[in-house]
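Asker: For reference, the file coords-v7.cif (mmCIF, C-alpha atoms) is included below:
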```
data_model
loop_
_atom_site.label_atom_id
_atom_site.label_comp_id
_atom_site.auth_asym_id
_atom_site.auth_seq_id
_atom_site.Cartn_x
_atom_site.Cartn_y
_atom_site.Cartn_z
CA MET E 1 -1.63 14.18 -11.58
CA ASN E 2 -2.86 10.84 -10.22
CA THR E 3 -1.21 8.79 -7.47
CA TYR E 4 0.55 6.47 -9.91
CA GLU E 5 2.09 9.40 -11.78
CA LYS E 6 3.24 10.97 -8.48
CA LEU E 7 4.89 7.70 -7.45
CA GLN E 8 6.55 7.43 -10.86
CA ASP E 9 7.95 10.94 -10.42
CA GLU E 10 9.27 10.10 -6.93
CA ALA E 11 10.88 6.93 -8.29
CA CYS E 12 12.52 8.91 -11.08
CA GLU E 13 13.88 11.46 -8.59
CA ASP E 14 15.45 8.57 -6.65
CA GLY E 15 16.99 7.10 -9.81
CA ILE E 16 14.56 4.20 -10.09
CA ASP E 17 13.27 3.19 -13.53
CA VAL E 18 9.61 2.11 -13.70
CA ILE E 19 8.67 0.00 -16.71
CA ASP E 20 5.52 -1.74 -17.88
CA TYR E 21 6.14 -5.45 -18.27
CA THR E 22 4.28 -8.55 -19.43
CA PHE E 23 4.81 -11.22 -16.75
CA HIS E 24 4.32 -14.86 -17.71
CA SER E 25 2.63 -15.62 -14.39
CA ASP E 26 -0.69 -14.13 -13.33
CA ARG E 27 0.54 -14.14 -9.72
CA ILE E 28 3.22 -11.48 -10.32
CA LYS E 29 2.06 -7.87 -10.32
CA GLY E 30 5.39 -6.16 -9.78
CA LEU E 31 9.05 -6.82 -9.16
CA TYR E 32 11.96 -4.67 -7.99
CA SER E 33 15.52 -5.48 -8.98
CA LYS E 34 18.68 -3.40 -9.24
CA GLY E 35 17.14 0.04 -9.62
CA THR E 36 14.22 -1.00 -11.81
CA VAL E 37 10.59 -1.67 -10.95
CA ALA E 38 8.63 -3.76 -13.44
CA ILE E 39 4.86 -3.29 -13.19
CA ARG E 40 2.33 -5.64 -14.77
CA LYS E 41 1.27 -3.99 -18.02
CA ASP E 42 -2.41 -5.00 -18.05
CA MET E 43 -3.51 -3.28 -14.81
CA ASN E 44 -5.29 0.06 -14.41
CA THR E 45 -3.47 3.05 -12.89
CA THR E 46 -5.04 2.56 -9.45
CA GLU E 47 -3.81 -1.04 -9.31
CA LYS E 48 -0.40 0.03 -10.62
CA ALA E 49 -0.11 2.68 -7.88
CA CYS E 50 -0.72 0.07 -5.17
CA VAL E 51 1.90 -2.25 -6.66
CA LEU E 52 4.43 0.54 -7.23
CA ALA E 53 4.10 1.73 -3.62
CA GLU E 54 5.06 -1.75 -2.39
CA GLU E 55 7.87 -2.13 -4.91
CA LEU E 56 9.30 1.23 -3.82
CA GLY E 57 9.05 -0.18 -0.29
CA HIS E 58 11.39 -2.95 -1.45
CA TYR E 59 13.82 -0.36 -2.77
CA TYR E 60 13.86 1.49 0.57
CA THR E 61 13.67 -1.47 2.99
CA THR E 62 14.84 -4.71 1.35
CA VAL E 63 18.31 -6.19 1.13
CA GLY E 64 19.21 -9.03 -1.24
CA ASN E 65 17.07 -11.62 -2.99
CA ILE E 66 13.93 -12.31 -0.92
CA LEU E 67 11.98 -14.42 -3.43
CA ASP E 68 12.02 -17.55 -1.23
CA MET E 69 9.13 -17.01 1.21
CA ASN E 70 10.10 -20.15 3.15
CA VAL E 71 12.87 -18.08 4.75
CA PRO E 72 11.55 -16.16 7.80
CA ALA E 73 13.87 -13.19 7.22
CA ASN E 74 12.53 -12.85 3.66
CA ARG E 75 8.93 -12.87 4.90
CA LYS E 76 9.82 -10.15 7.38
CA GLN E 77 11.35 -7.99 4.64
CA GLU E 78 8.28 -8.56 2.45
CA ARG E 79 6.05 -7.40 5.30
CA GLN E 80 8.22 -4.29 5.79
CA ALA E 81 7.94 -3.39 2.11
CA ARG E 82 4.16 -3.84 2.19
CA LEU E 83 3.86 -1.76 5.35
CA HIS E 84 5.93 0.95 3.68
CA GLY E 85 3.47 0.97 0.77
CA TYR E 86 0.44 1.02 3.08
CA ASN E 87 1.84 3.91 5.08
CA ARG E 88 2.71 5.80 1.92
CA LEU E 89 -0.68 5.47 0.19
CA ILE E 90 -3.02 5.19 3.18
CA GLY E 91 -1.57 5.68 6.64
CA LEU E 92 -3.52 6.36 9.79
CA ILE E 93 -3.89 10.02 8.81
CA GLY E 94 -5.31 8.96 5.44
CA LEU E 95 -8.00 6.93 7.20
CA ALA E 96 -8.84 9.93 9.41
CA ASP E 97 -8.90 12.22 6.35
CA ALA E 98 -11.30 9.88 4.57
CA TYR E 99 -13.57 10.04 7.62
CA GLU E 100 -13.34 13.85 7.62
CA HIS E 101 -14.33 13.92 3.96
CA GLY E 102 -17.49 11.92 4.70
CA CYS E 103 -16.44 8.50 3.41
CA GLN E 104 -18.94 6.01 4.82
CA ASN E 105 -17.69 2.64 3.59
CA ARG E 106 -14.62 0.87 2.25
CA TYR E 107 -15.50 1.59 -1.37
CA GLU E 108 -15.67 5.33 -0.68
CA ILE E 109 -12.46 5.25 1.37
CA ALA E 110 -10.61 3.40 -1.41
CA GLU E 111 -11.91 5.81 -4.02
CA TYR E 112 -10.97 8.85 -1.91
CA LEU E 113 -7.43 7.51 -1.32
CA GLU E 114 -7.06 6.38 -4.98
CA ILE E 115 -6.37 2.76 -4.06
CA THR E 116 -8.14 -0.54 -4.69
CA GLU E 117 -10.56 -1.98 -2.15
CA GLU E 118 -8.38 -5.09 -1.98
CA TYR E 119 -5.35 -2.97 -1.08
CA LEU E 120 -7.37 -1.20 1.62
CA GLU E 121 -8.51 -4.56 3.03
CA ASP E 122 -4.91 -5.83 3.09
CA CYS E 123 -3.79 -2.62 4.79
CA ILE E 124 -6.46 -2.87 7.47
CA GLU E 125 -5.47 -6.49 8.13
CA CYS E 126 -1.82 -5.42 8.44
CA TYR E 127 -2.69 -2.52 10.76
CA ARG E 128 -4.87 -4.87 12.83
CA GLY E 129 -1.82 -7.09 13.31
CA LYS E 130 0.40 -4.12 14.15
CA TYR E 131 -1.91 -2.01 16.33
CA GLY E 132 -4.44 -4.53 17.66
CA ILE E 133 -7.98 -3.33 18.42
CA CYS E 134 -7.34 0.36 17.89
CA THR E 135 -4.81 3.17 17.89
CA ALA E 136 -4.85 6.92 18.35
CA VAL E 137 -3.54 9.51 15.91
CA ASP E 138 -3.96 13.25 16.34
CA ASN E 139 -7.48 13.69 17.74
CA TYR E 140 -8.85 10.40 16.34
CA ILE E 141 -9.18 6.84 17.52
CA ILE E 142 -9.09 4.34 14.67
CA TYR E 143 -10.64 0.95 15.39
CA PHE E 144 -9.63 -2.14 13.39
CA ILE E 145 -11.66 -4.69 15.37
CA PRO E 146 -14.44 -5.72 14.87
CA HIS E 147 -14.40 -3.48 11.77
CA LEU E 148 -12.84 -0.26 10.57
CA ALA E 149 -14.21 2.77 12.41
CA VAL E 150 -12.89 6.28 13.03
CA ILE E 151 -13.97 8.33 16.03
CA GLU E 152 -13.02 11.95 16.47
CA LEU E 153 -12.14 13.05 19.98
CA ILE E 154 -13.57 16.39 21.00
#
```
Show me the file's structure as structure tokens.
Answerer:
Amino acid sequence: MNTYEKLQDEACEDGIDVIDYTFHSDRIKGLYSKGTVAIRKDMNTTEKACVLAEELGHYYTTVGNILDMNVPANRKQERQARLHGYNRLIGLIGLADAYEHGCQNRYEIAEYLEITEEYLEDCIECYRGKYGICTAVDNYIIYFIPHLAVIELI
């Protein structure tokens, strides 16, 4: 079972319908509203997993209509939903696991975690803003500046 199918199962268990949808705008990849997540129909399953993770983040963390990004509170809720998705599909432990499995670059990390490289880049940028230069998890230090690096503490 791939990541997208696992997320679909989790959504179903929580009473959330996930449907494929043809959006009229190329900018929209997914949308959550009233117990339903619409996912852009013409994406591959890896892309759909990344979008579904964020849309589930909206289900768990968002209140009300947050479509207007000129409102600071809406931008904050959007960031929370994205962070939820990043933590769910990647997380600090996921970065350490990728290192443990011999991943040497962003392409290999994205492939190992079953996410897109773009999603990984966005996650790293988000984590850089949250954690700064680096952070520790278990027996690893994960650096975000100047570039992604994982060092195991012995």
Asker: Determine the nearest neighbour of Gly30 in chain E from the options E:Glu55, E:Arg106, E:Thr45, E:Asp14, counting only C-alpha atoms.
Answerer: E:Glu55
Asker: Using the chain letters and numbers from the file, give me the residues hit by the PyMOL selection byres ((chain E and resi 135) around 12), as a list in words.
Answerer: Gly91, Leu92, Ile93, Leu95, Ala96, Tyr127, Arg128, Gly129, Lys130, Tyr131, Gly132, Ile133, Cys134, Ala136, Val137, Asp138, Asn139, Tyr140, Ile141, Ile142, Tyr143, Phe144, Ile145, Leu148, Ala149, Val150 and Ile151 of chain E
Asker: Quote the spacing between CA of Lys34 in chain E and CA of Thr46 in chain E in Å to one decimal place.
Answerer: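 Here the two named atoms are 24.5 Å from each other.
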Asker: Quick one, how far is CA of Asn44 in chain E from CA of Ile16 in chain E?
Answerer: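 Computing it gives 20.7 Å between the two atoms.
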Asker: Using all atoms listed in the file, which residue out of E:Tyr21, E:Tyr99, E:Tyr32, E:Tyr107 lies closest to Glu78 in chain E?
Answerer: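 Selected residue with least distance to Glu78 in chain E: E:Tyr32.
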